[in-house]
file my_file-v5.cif (mmCIF, C-alpha atoms and all ligand atoms)
data_target
loop_
_atom_site.label_atom_id
_atom_site.label_comp_id
_atom_site.auth_asym_id
_atom_site.auth_seq_id
_atom_site.Cartn_x
_atom_site.Cartn_y
_atom_site.Cartn_z
CA MET A 1499 0.00 0.00 0.00
CA THR A 1500 1.50 3.34 -0.96
CA ALA A 1501 0.99 6.21 1.44
CA ALA A 1502 0.80 8.75 -1.36
CA ASN A 1503 -2.63 7.79 -2.66
CA THR A 1504 -4.30 6.47 0.48
CA ILE A 1505 -3.51 9.01 3.18
CA GLN A 1506 -5.38 12.31 3.14
CA PRO A 1507 -3.24 15.28 4.12
CA ALA A 1508 -3.97 16.25 7.73
CA GLY A 1509 -5.11 19.82 8.36
CA PRO A 1510 -5.17 22.76 5.97
CA ASP A 1511 -3.25 23.00 2.71
CA ILE A 1512 -0.27 25.15 3.78
CA ALA A 1513 1.37 25.27 0.37
CA GLY A 1514 -1.97 26.01 -1.32
CA ALA A 1515 -2.67 28.92 1.04
CA ALA A 1516 0.80 30.31 0.37
CA ARG A 1517 0.29 30.08 -3.39
CA GLU A 1518 -3.05 31.91 -3.08
CA LEU A 1519 -1.55 34.72 -1.01
CA ASP A 1520 1.46 34.94 -3.30
CA ARG A 1521 -0.77 35.24 -6.36
CA ALA A 1522 -2.98 37.83 -4.62
CA GLU A 1523 0.14 39.92 -4.00
CA ARG A 1524 1.47 39.64 -7.53
CA GLU A 1525 -1.91 40.27 -9.16
CA ALA A 1526 -2.99 42.89 -6.62
CA THR A 1527 -6.31 41.13 -6.09
CA ALA A 1528 -7.74 40.71 -2.60
CA ILE A 1529 -8.75 37.23 -1.46
CA PRO A 1530 -11.17 36.02 1.25
CA GLN A 1531 -9.81 35.51 4.75
CA PHE A 1532 -8.89 31.96 5.82
CA GLY A 1533 -10.65 32.60 9.13
CA ASP A 1534 -10.28 29.90 11.76
CA THR A 1535 -9.07 27.23 9.35
CA LEU A 1536 -5.47 28.10 10.25
CA SER A 1537 -3.83 27.87 13.68
CA LEU A 1538 -1.11 30.39 14.51
CA GLU A 1539 1.58 27.74 13.98
CA GLN A 1540 0.10 26.83 10.60
CA ALA A 1541 -0.08 30.53 9.69
CA TYR A 1542 3.66 30.87 10.32
CA ALA A 1543 4.17 27.77 8.17
CA VAL A 1544 2.25 29.51 5.36
CA GLN A 1545 4.46 32.58 5.82
CA ALA A 1546 7.62 30.43 5.64
CA GLU A 1547 6.31 28.93 2.40
CA LEU A 1548 5.71 32.45 1.01
CA LEU A 1549 9.36 33.24 1.69
CA THR A 1550 10.42 30.03 -0.07
CA LEU A 1551 8.38 31.05 -3.13
CA ARG A 1552 10.00 34.49 -3.21
CA LEU A 1553 13.53 33.15 -2.73
CA ALA A 1554 12.91 30.70 -5.57
CA ARG A 1555 12.15 33.72 -7.79
CA GLY A 1556 15.52 35.22 -6.90
CA GLU A 1557 14.53 37.55 -4.08
CA ARG A 1558 16.92 38.01 -1.17
CA LEU A 1559 16.00 38.10 2.53
CA THR A 1560 16.85 41.61 3.78
CA GLY A 1561 15.18 41.78 7.17
CA ALA A 1562 12.29 41.19 9.50
CA LYS A 1563 9.42 43.31 10.74
CA LEU A 1564 7.36 43.29 13.87
CA GLY A 1565 3.66 44.12 13.91
CA PHE A 1566 1.26 45.23 16.61
CA THR A 1567 3.96 46.52 18.94
CA SER A 1568 1.88 49.68 19.59
CA LYS A 1569 -1.59 50.17 21.04
CA ALA A 1570 -2.38 52.53 18.15
CA LYS A 1571 -1.95 49.68 15.66
CA MET A 1572 -3.68 47.10 17.84
CA ALA A 1573 -6.68 49.39 18.20
CA GLN A 1574 -6.78 50.19 14.47
CA MET A 1575 -6.69 46.55 13.37
CA GLY A 1576 -8.30 44.74 16.32
CA VAL A 1577 -5.31 42.42 16.80
CA SER A 1578 -3.34 42.53 20.03
CA GLU A 1579 -0.45 40.11 19.79
CA VAL A 1580 3.03 40.89 18.51
CA ILE A 1581 3.67 39.26 15.13
CA VAL A 1582 6.73 38.91 12.90
CA GLY A 1583 7.16 38.90 9.13
CA PHE A 1584 10.00 38.97 6.62
CA LEU A 1585 11.38 41.61 4.24
CA THR A 1586 13.10 41.03 0.90
CA ASP A 1587 15.07 43.20 -1.51
CA ARG A 1588 12.03 43.45 -3.80
CA MET A 1589 10.14 45.21 -0.99
CA HIS A 1590 12.88 47.78 -0.47
CA VAL A 1591 12.30 51.32 -1.76
CA ALA A 1592 15.07 53.93 -1.66
CA HIS A 1593 14.71 56.89 0.71
CA GLY A 1594 13.73 59.97 -1.30
CA SER A 1595 12.56 58.01 -4.32
CA SER A 1596 9.31 58.06 -6.21
CA LEU A 1597 7.12 54.97 -5.98
CA LEU A 1598 4.65 54.12 -8.73
CA LEU A 1599 1.45 53.22 -6.88
CA GLU A 1600 0.32 50.47 -9.23
CA GLY A 1601 0.00 46.81 -8.43
CA PHE A 1602 -1.16 47.39 -4.86
CA VAL A 1603 -4.47 46.26 -3.36
CA HIS A 1604 -5.17 49.00 -0.79
CA PRO A 1605 -1.83 50.35 0.42
CA ARG A 1606 -1.38 52.16 3.72
CA ILE A 1607 1.70 53.79 5.18
CA GLU A 1608 3.02 54.01 8.74
CA PRO A 1609 6.05 55.50 10.52
CA GLU A 1610 8.56 53.16 12.11
CA ILE A 1611 12.06 52.85 13.53
CA ALA A 1612 14.55 50.47 11.93
CA PHE A 1613 17.52 48.69 13.46
CA ARG A 1614 20.44 47.30 11.44
CA PHE A 1615 22.36 44.13 12.32
CA ASN A 1616 26.03 44.19 11.44
CA ARG A 1617 26.39 40.42 11.58
CA THR A 1618 24.40 37.28 10.95
CA VAL A 1619 21.51 36.71 13.34
CA GLU A 1620 21.29 33.00 14.09
CA PRO A 1621 17.83 31.40 14.48
CA GLY A 1622 18.37 30.79 18.21
CA ALA A 1623 20.27 34.01 19.00
CA SER A 1624 19.96 35.34 22.55
CA ALA A 1625 18.71 38.85 23.32
CA GLU A 1626 22.28 39.76 24.26
CA GLU A 1627 23.61 38.53 20.91
CA ILE A 1628 20.86 40.32 19.03
CA ILE A 1629 21.25 43.64 20.86
CA SER A 1630 25.04 43.56 20.56
CA SER A 1631 24.81 43.03 16.80
CA VAL A 1632 22.74 46.20 16.23
CA ASP A 1633 25.05 48.92 14.92
CA ALA A 1634 22.65 51.55 13.61
CA VAL A 1635 19.15 52.95 13.86
CA ALA A 1636 17.11 54.98 11.37
CA PRO A 1637 13.64 56.40 10.79
CA ALA A 1638 11.59 54.20 8.47
CA LEU A 1639 8.31 54.09 6.60
CA GLU A 1640 6.45 50.88 6.00
CA ILE A 1641 3.84 50.38 3.29
CA ILE A 1642 1.46 47.65 4.33
CA ASP A 1643 -1.02 46.16 1.87
CA SER A 1644 -3.21 43.34 3.14
CA ARG A 1645 -4.00 40.71 0.55
CA TYR A 1646 -7.38 40.20 2.25
CA ARG A 1647 -10.63 41.87 1.30
CA ASP A 1648 -11.45 45.04 3.19
CA PHE A 1649 -8.02 45.03 4.88
CA SER A 1650 -9.52 42.88 7.62
CA PHE A 1651 -8.10 39.73 9.18
CA SER A 1652 -7.65 37.52 12.23
CA LEU A 1653 -4.27 37.08 13.92
CA ALA A 1654 -3.58 33.88 11.96
CA ASP A 1655 -4.75 35.49 8.69
CA VAL A 1656 -2.35 38.42 8.98
CA VAL A 1657 0.55 36.16 9.99
CA ALA A 1658 -0.04 33.92 6.97
CA ASP A 1659 -0.09 37.07 4.79
CA ASN A 1660 3.42 37.97 5.96
CA THR A 1661 1.96 40.61 8.32
CA SER A 1662 0.70 42.71 5.36
CA ALA A 1663 4.32 43.53 4.40
CA SER A 1664 4.55 45.27 1.05
CA ARG A 1665 7.36 47.88 0.84
CA TYR A 1666 9.71 49.61 3.27
CA LEU A 1667 12.18 52.45 3.21
CA VAL A 1668 14.80 53.51 5.68
CA GLY A 1669 16.28 57.00 6.18
CA GLU A 1670 19.91 57.72 6.94
CA TRP A 1671 21.44 55.41 9.51
CA THR A 1672 22.88 56.87 12.70
CA ASP A 1673 24.97 55.06 15.30
CA PHE A 1674 22.97 52.78 17.55
CA THR A 1675 21.98 54.36 20.84
CA THR A 1676 19.98 52.88 23.70
CA ASP A 1677 18.39 56.31 24.24
CA LEU A 1678 15.41 55.74 21.96
CA ALA A 1679 12.37 56.18 24.20
CA ASP A 1680 10.18 59.30 24.37
CA ARG A 1681 11.06 60.64 20.95
CA ALA A 1682 8.30 62.32 18.99
CA VAL A 1683 7.27 60.51 15.80
CA THR A 1684 5.46 62.54 13.14
CA MET A 1685 4.15 61.42 9.79
CA LEU A 1686 3.52 64.21 7.31
CA ILE A 1687 1.54 63.89 4.10
CA ASP A 1688 2.04 66.75 1.65
CA GLY A 1689 3.51 68.78 4.48
CA ALA A 1690 0.51 68.40 6.80
CA VAL A 1691 0.71 66.33 9.98
CA ALA A 1692 -1.17 63.08 9.37
CA GLU A 1693 -0.23 61.13 12.51
CA THR A 1694 1.75 61.85 15.65
CA GLY A 1695 3.05 59.52 18.31
CA THR A 1696 6.14 58.72 20.28
CA THR A 1697 8.73 55.98 20.15
CA SER A 1698 7.53 54.92 23.61
CA ALA A 1699 4.36 53.69 21.88
CA ILE A 1700 6.54 50.83 20.59
CA LEU A 1701 6.38 48.36 23.52
CA GLY A 1702 7.25 51.18 25.93
CA ASP A 1703 10.70 51.63 24.32
CA PRO A 1704 11.88 50.53 20.84
CA LEU A 1705 14.65 48.56 22.57
CA HIS A 1706 11.94 46.19 23.76
CA ALA A 1707 11.28 45.41 20.10
CA LEU A 1708 14.72 43.78 20.01
CA GLU A 1709 13.68 41.54 22.89
CA ALA A 1710 10.36 40.76 21.22
CA PHE A 1711 12.24 39.94 18.02
CA THR A 1712 14.53 37.60 19.99
CA ARG A 1713 11.49 35.61 21.13
CA MET A 1714 9.83 35.62 17.70
CA ASN A 1715 13.07 34.67 15.94
CA ALA A 1716 13.66 31.80 18.36
CA ARG A 1717 10.13 30.52 17.86
CA TYR A 1718 9.35 31.13 14.19
CA GLY A 1719 12.39 32.70 12.57
CA SER A 1720 15.17 31.37 10.44
CA GLY A 1721 17.72 34.03 11.36
CA LEU A 1722 18.87 36.97 9.25
CA PRO A 1723 21.92 37.73 7.11
CA ALA A 1724 24.50 40.37 8.13
CA GLY A 1725 23.30 43.84 7.17
CA ALA A 1726 19.63 42.95 7.63
CA VAL A 1727 17.13 45.39 9.12
CA LEU A 1728 14.40 45.02 11.70
CA LEU A 1729 11.33 47.25 11.56
CA ALA A 1730 10.22 47.70 15.17
CA GLY A 1731 6.53 48.30 14.35
CA ALA A 1732 4.53 51.43 13.71
CA ALA A 1733 4.32 54.07 16.42
CA THR A 1734 0.97 55.37 15.08
CA ALA A 1735 -2.00 54.09 13.12
CA ALA A 1736 -1.48 53.59 9.37
CA VAL A 1737 -2.91 55.99 6.77
CA GLY A 1738 -4.25 55.20 3.28
CA LEU A 1739 -1.60 55.91 0.64
CA GLN A 1740 -2.61 57.90 -2.43
CA PRO A 1741 -0.74 58.59 -5.67
CA GLY A 1742 0.70 62.07 -6.12
CA SER A 1743 1.67 62.62 -2.52
CA THR A 1744 4.80 63.19 -0.50
CA VAL A 1745 5.02 61.27 2.76
CA SER A 1746 7.69 61.72 5.39
CA ALA A 1747 8.33 60.37 8.85
CA VAL A 1748 10.34 62.34 11.37
CA VAL A 1749 11.74 60.73 14.52
CA ALA A 1750 13.06 63.44 16.84
CA GLY A 1751 16.82 63.37 17.10
CA ILE A 1752 17.11 60.38 14.75
CA GLY A 1753 16.16 61.75 11.34
CA THR A 1754 13.68 61.89 8.49
CA VAL A 1755 12.69 59.52 5.72
CA GLU A 1756 10.69 60.54 2.69
CA LEU A 1757 8.81 59.04 -0.25
CA GLU A 1758 6.88 60.40 -3.21
CA THR A 1759 4.09 58.45 -4.84
CA LYS A 1760 2.93 58.69 -8.41
CA GLY A 1761 0.26 57.03 -10.52
CA MET A 1762 -3.36 57.50 -11.45
CA PRO A 1763 -5.67 58.64 -8.63
CA ALA A 1764 -7.97 55.82 -7.47
C1 LIG A 1801 -0.43 44.31 9.97
C2 LIG A 1801 0.98 44.81 10.10
C3 LIG A 1801 1.24 45.53 11.40
C4 LIG A 1801 2.83 47.22 12.46
O1 LIG A 1801 3.78 48.00 12.29
O2 LIG A 1801 2.19 47.18 13.52
C5 LIG A 1801 2.49 46.33 11.33
C6 LIG A 1801 -1.39 45.35 9.48
O3 LIG A 1801 -1.64 46.34 10.18
O4 LIG A 1801 -1.94 45.16 8.39
O5 LIG A 1801 3.22 46.31 10.38
MG MG A 1802 4.54 48.04 10.32
#
call {"tool": "encode", "arguments": {"input": "my_file-v5.cif", "output": "structure tokens"}}
result
Amino acid sequence: MTAANTIQPAGPDIAGAARELDRAEREATAIPQFGDTLSLEQAYAVQAELLTLRLARGERLTGAKLGFTSKAKMAQMGVSEVIVGFLTDRMHVAHGSSLLLEGFVHPRIEPEIAFRFNRTVEPGASAEEIISSVDAVAPALEIIDSRYRDFSFSLADVVADNTSASRYLVGEWTDFTTDLADRAVTMLIDGAVAETGTTSAILGDPLHALEAFTRMNARYGSGLPAGAVLLAGAATAAVGLQPGSTVSAVVAGIGTVELETKGMPA
């Protein structure tokens, strides 16, 4: 008796879910939520499969991102557990560049802080190893774009969808400092203040994001290459991104990062 044609696969189709999400991203077409068909562990397995698909197309792993590290984001999306996703070179947008807003489902933008690792982060790295390998910090903007209809999801849904990761940009790096709490974070759209917050909104202090990343990396991660970045999570709610606008994020004492968008108005 051959196992292949007699045993039904147990549980949900992880690879199939990853292919659906991957296609939704590439075709910019929203799909229905998986709902409670996926456990959190299975959702991370879907996310790992998404990374495999991207690496097979020649993309390079360039970092990780945390989600729901601030109450502002938890309240906006109705999810209250820290999550982790991956970043690749195809998601990277240069600071100060112009992004064509085509091929997105319903993009939103949010201000963040980024850390840079100057050496390889092993899958089981300790918090001490992770913190000591951070050499720089920078202001960042993240463009999130849920592949689910109406930008709505459960915790497992958003994890499977690589935490809505779409694009990211990082401003000029400055030397790592542990003095990162209580810094004003402002996101401006066309020169007007769109969102304000503080770095303390990120788990009380962005340094705590490095500890949260340690736990998430140990549990679900596969490590990171030297030079990789970590997005610590948005300090404010996200705002819908429109073509023909200029968006900047300012983190007091750290710097500014800016993006222009172009394309046909929706
Ligand atoms: C999920 C991603 C959350 C953050 O910074 O909190 C996130 C979403 O809001 O769609 O990136
Ligand atoms: Mg984010």
call {"tool": "residues_near_ligand", "arguments": {"input": "my_file-v5.cif", "ligand": "ligand MG 1802 (chain A)", "cutoff": "9 Å", "atoms": "all atoms listed in the file", "output": "number ranges by chain"}}
result
A: 1563-1567, 1571, 1607-1610, 1639-1642, 1661-1663, 1666, 1729-1733, 1736
call {"tool": "residues_near_point", "arguments": {"input": "my_file-v5.cif", "point": "(5.5, 31.5, 14.4)", "cutoff": "7 Å", "atoms": "all atoms listed in the file", "output": "list in words"}}
result
Leu1538, Glu1539, Tyr1542, Met1714, Arg1717 and Tyr1718 of chain A
call {"tool": "closest_residue", "arguments": {"input": "my_file-v5.cif", "among": "A:Ala1679, A:Leu1708, A:Leu1551, A:Ile1581", "to": "Glu1626 in chain A", "atoms": "only C-alpha atoms"}}
result
A:Leu1708
call {"tool": "residues_near_point", "arguments": {"input": "my_file-v5.cif", "point": "(13.2, 42.5, -0.4)", "cutoff": "10 Å", "atoms": "only C-alpha atoms", "output": "ChimeraX atom specification"}}
result
/A:1552-1553,1557-1561,1584-1591,1664-1666
call {"tool": "atom_distance", "arguments": {"input": "my_file-v5.cif", "atom1": "CA of Ala1716 in chain A", "atom2": "CA of Ser1624 in chain A"}}
result
8.4 Å
call {"tool": "closest_residue", "arguments": {"input": "my_file-v5.cif", "among": "A:Pro1530, A:Gly1556, A:Pro1723, A:Gly1738", "to": "ligand LIG 1801 (chain A)", "atoms": "only C-alpha atoms and all ligand atoms"}}
result
A:Gly1738
call {"tool": "residues_around", "arguments": {"input": "my_file-v5.cif", "residues": "Ala1682 in chain A", "least_positions_apart": "2", "cutoff": "8 Å", "atoms": "all atoms listed in the file", "output": "ChimeraX atom specification"}}
result
/A:1680,1684,1694-1697,1748-1750
call {"tool": "residues_around", "arguments": {"input": "my_file-v5.cif", "residues": "range 1616-1621 of chain A", "least_positions_apart": "4", "cutoff": "6 Å", "atoms": "all atoms listed in the file", "output": "tab-separated table (two decimals) with C-alpha atoms, in the frame of the given file"}}
result
chain	number	residue	atom	x	y	z
A	1631	SER	CA	24.81	43.03	16.80
A	1633	ASP	CA	25.05	48.92	14.92
A	1715	ASN	CA	13.07	34.67	15.94
A	1716	ALA	CA	13.66	31.80	18.36
A	1719	GLY	CA	12.39	32.70	12.57
A	1720	SER	CA	15.17	31.37	10.44
A	1721	GLY	CA	17.72	34.03	11.36
A	1722	LEU	CA	18.87	36.97	9.25
A	1723	PRO	CA	21.92	37.73	7.11
A	1724	ALA	CA	24.50	40.37	8.13
A	1725	GLY	CA	23.30	43.84	7.17
call {"tool": "closest_residue", "arguments": {"input": "my_file-v5.cif", "among": "A:Ser1644, A:Thr1550, A:Ser1595, A:Gln1740", "to": "ligand LIG 1801 (chain A)", "atoms": "all atoms listed in the file"}}
result
A:Ser1644
call {"tool": "closest_residue", "arguments": {"input": "my_file-v5.cif", "among": "A:Leu1519, A:Ala1735, A:Ala1625, A:Met1685", "to": "ligand LIG 1801 (chain A)", "atoms": "all atoms listed in the file"}}
result
A:Ala1735
call {"tool": "residues_around", "arguments": {"input": "my_file-v5.cif", "residues": "Pro1637 in chain A", "least_positions_apart": "4", "cutoff": "9 Å", "atoms": "only C-alpha atoms", "output": "JSON, numbers by chain"}}
result
{"A": [1609, 1610, 1611, 1612, 1667, 1668, 1669, 1670, 1671, 1747, 1748, 1749, 1752, 1753, 1754, 1755]}
call {"tool": "atom_distance", "arguments": {"input": "my_file-v5.cif", "atom1": "atom O1 of ligand LIG 1801 (chain A)", "atom2": "CA of Ser1568 in chain A"}}
result
7.7 Å
call {"tool": "closest_residue", "arguments": {"input": "my_file-v5.cif", "among": "A:Pro1605, A:Gly1622, A:Gly1751, A:Gly1761", "to": "ligand LIG 1801 (chain A)", "atoms": "all atoms listed in the file"}}
result
A:Pro1605
call {"tool": "axis_aligned_box", "arguments": {"input": "my_file-v5.cif", "around": "ligand LIG 1801 (chain A)", "padding_each_side": "8 Å", "output": "AutoDock Vina command-line options"}}
result
--center_x 0.9 --center_y 46.2 --center_z 11.0 --size_x 21.7 --size_y 19.7 --size_z 21.1
call {"tool": "closest_residue", "arguments": {"input": "my_file-v5.cif", "among": "A:Ala1726, A:Ile1628, A:Gly1742, A:Phe1613", "to": "Thr1672 in chain A", "atoms": "all atoms listed in the file"}}
result
A:Phe1613
call {"tool": "atom_distance", "arguments": {"input": "my_file-v5.cif", "atom1": "atom O1 of ligand LIG 1801 (chain A)", "atom2": "CA of Leu1653 in chain A"}}
result
13.7 Å
call {"tool": "residues_around", "arguments": {"input": "my_file-v5.cif", "residues": "range 1510-1518 of chain A", "least_positions_apart": "4", "cutoff": "9 Å", "atoms": "all atoms listed in the file", "output": "PDB file with C-alpha atoms, in the frame of the given file"}}
result
ATOM      1  CA  ALA A1522      -2.980  37.830  -4.620  1.00  0.00           C
ATOM      2  CA  GLU A1523       0.140  39.920  -4.000  1.00  0.00           C
ATOM      3  CA  ILE A1529      -8.750  37.230  -1.460  1.00  0.00           C
ATOM      4  CA  PHE A1532      -8.890  31.960   5.820  1.00  0.00           C
ATOM      5  CA  THR A1535      -9.070  27.230   9.350  1.00  0.00           C
ATOM      6  CA  LEU A1536      -5.470  28.100  10.250  1.00  0.00           C
ATOM      7  CA  GLN A1540       0.100  26.830  10.600  1.00  0.00           C
ATOM      8  CA  ALA A1541      -0.080  30.530   9.690  1.00  0.00           C
ATOM      9  CA  ALA A1543       4.170  27.770   8.170  1.00  0.00           C
ATOM     10  CA  VAL A1544       2.250  29.510   5.360  1.00  0.00           C
ATOM     11  CA  GLN A1545       4.460  32.580   5.820  1.00  0.00           C
ATOM     12  CA  ALA A1546       7.620  30.430   5.640  1.00  0.00           C
ATOM     13  CA  GLU A1547       6.310  28.930   2.400  1.00  0.00           C
ATOM     14  CA  LEU A1548       5.710  32.450   1.010  1.00  0.00           C
ATOM     15  CA  LEU A1551       8.380  31.050  -3.130  1.00  0.00           C
ATOM     16  CA  ALA A1658      -0.040  33.920   6.970  1.00  0.00           C
ATOM     17  CA  ASP A1659      -0.090  37.070   4.790  1.00  0.00           C
TER      18      ASP A1659
END
call {"tool": "decode", "arguments": {"input": "my_file-v5.cif", "residues": "range 1699-1713 of chain A", "atoms": "N, CA, C and O atoms", "output": "compact mmCIF listing (two decimals), in the first residue's frame"}}
result
# COMPACT_ATOMS: atom_id res chain seq x y z
N ALA A 1699 5.54 54.48 22.28
CA ALA A 1699 4.36 53.69 21.88
C ALA A 1699 4.78 52.29 21.45
O ALA A 1699 3.98 51.36 21.44
N ILE A 1700 6.05 52.14 21.06
CA ILE A 1700 6.54 50.83 20.59
C ILE A 1700 7.00 50.03 21.82
O ILE A 1700 8.14 50.19 22.29
N LEU A 1701 6.10 49.24 22.36
CA LEU A 1701 6.38 48.36 23.52
C LEU A 1701 7.01 49.10 24.70
O LEU A 1701 7.80 48.54 25.44
N GLY A 1702 6.71 50.40 24.81
CA GLY A 1702 7.25 51.18 25.93
C GLY A 1702 8.60 51.81 25.61
O GLY A 1702 8.96 52.85 26.15
N ASP A 1703 9.35 51.16 24.72
CA ASP A 1703 10.70 51.63 24.32
C ASP A 1703 11.08 50.75 23.11
O ASP A 1703 10.97 49.52 23.20
N PRO A 1704 11.53 51.35 22.01
CA PRO A 1704 11.88 50.53 20.84
C PRO A 1704 12.90 49.43 21.14
O PRO A 1704 12.94 48.42 20.43
N LEU A 1705 13.68 49.62 22.21
CA LEU A 1705 14.65 48.56 22.57
C LEU A 1705 13.93 47.26 22.91
O LEU A 1705 14.45 46.17 22.68
N HIS A 1706 12.70 47.40 23.44
CA HIS A 1706 11.94 46.19 23.76
C HIS A 1706 11.56 45.42 22.51
O HIS A 1706 11.27 44.22 22.57
N ALA A 1707 11.56 46.11 21.37
CA ALA A 1707 11.28 45.41 20.10
C ALA A 1707 12.39 44.41 19.80
O ALA A 1707 12.15 43.36 19.20
N LEU A 1708 13.61 44.72 20.24
CA LEU A 1708 14.72 43.78 20.01
C LEU A 1708 14.52 42.53 20.85
O LEU A 1708 14.82 41.41 20.42
N GLU A 1709 13.97 42.71 22.05
CA GLU A 1709 13.68 41.54 22.89
C GLU A 1709 12.52 40.74 22.31
O GLU A 1709 12.55 39.51 22.28
N ALA A 1710 11.50 41.46 21.84
CA ALA A 1710 10.36 40.76 21.22
C ALA A 1710 10.83 40.00 19.98
O ALA A 1710 10.43 38.85 19.74
N PHE A 1711 11.72 40.62 19.22
CA PHE A 1711 12.24 39.94 18.02
C PHE A 1711 13.03 38.70 18.41
O PHE A 1711 12.95 37.67 17.73
N THR A 1712 13.78 38.77 19.51
CA THR A 1712 14.53 37.60 19.99
C THR A 1712 13.58 36.42 20.20
O THR A 1712 13.84 35.30 19.73
N ARG A 1713 12.46 36.69 20.86
CA ARG A 1713 11.49 35.61 21.13
C ARG A 1713 10.87 35.10 19.83
O ARG A 1713 10.75 33.88 19.63
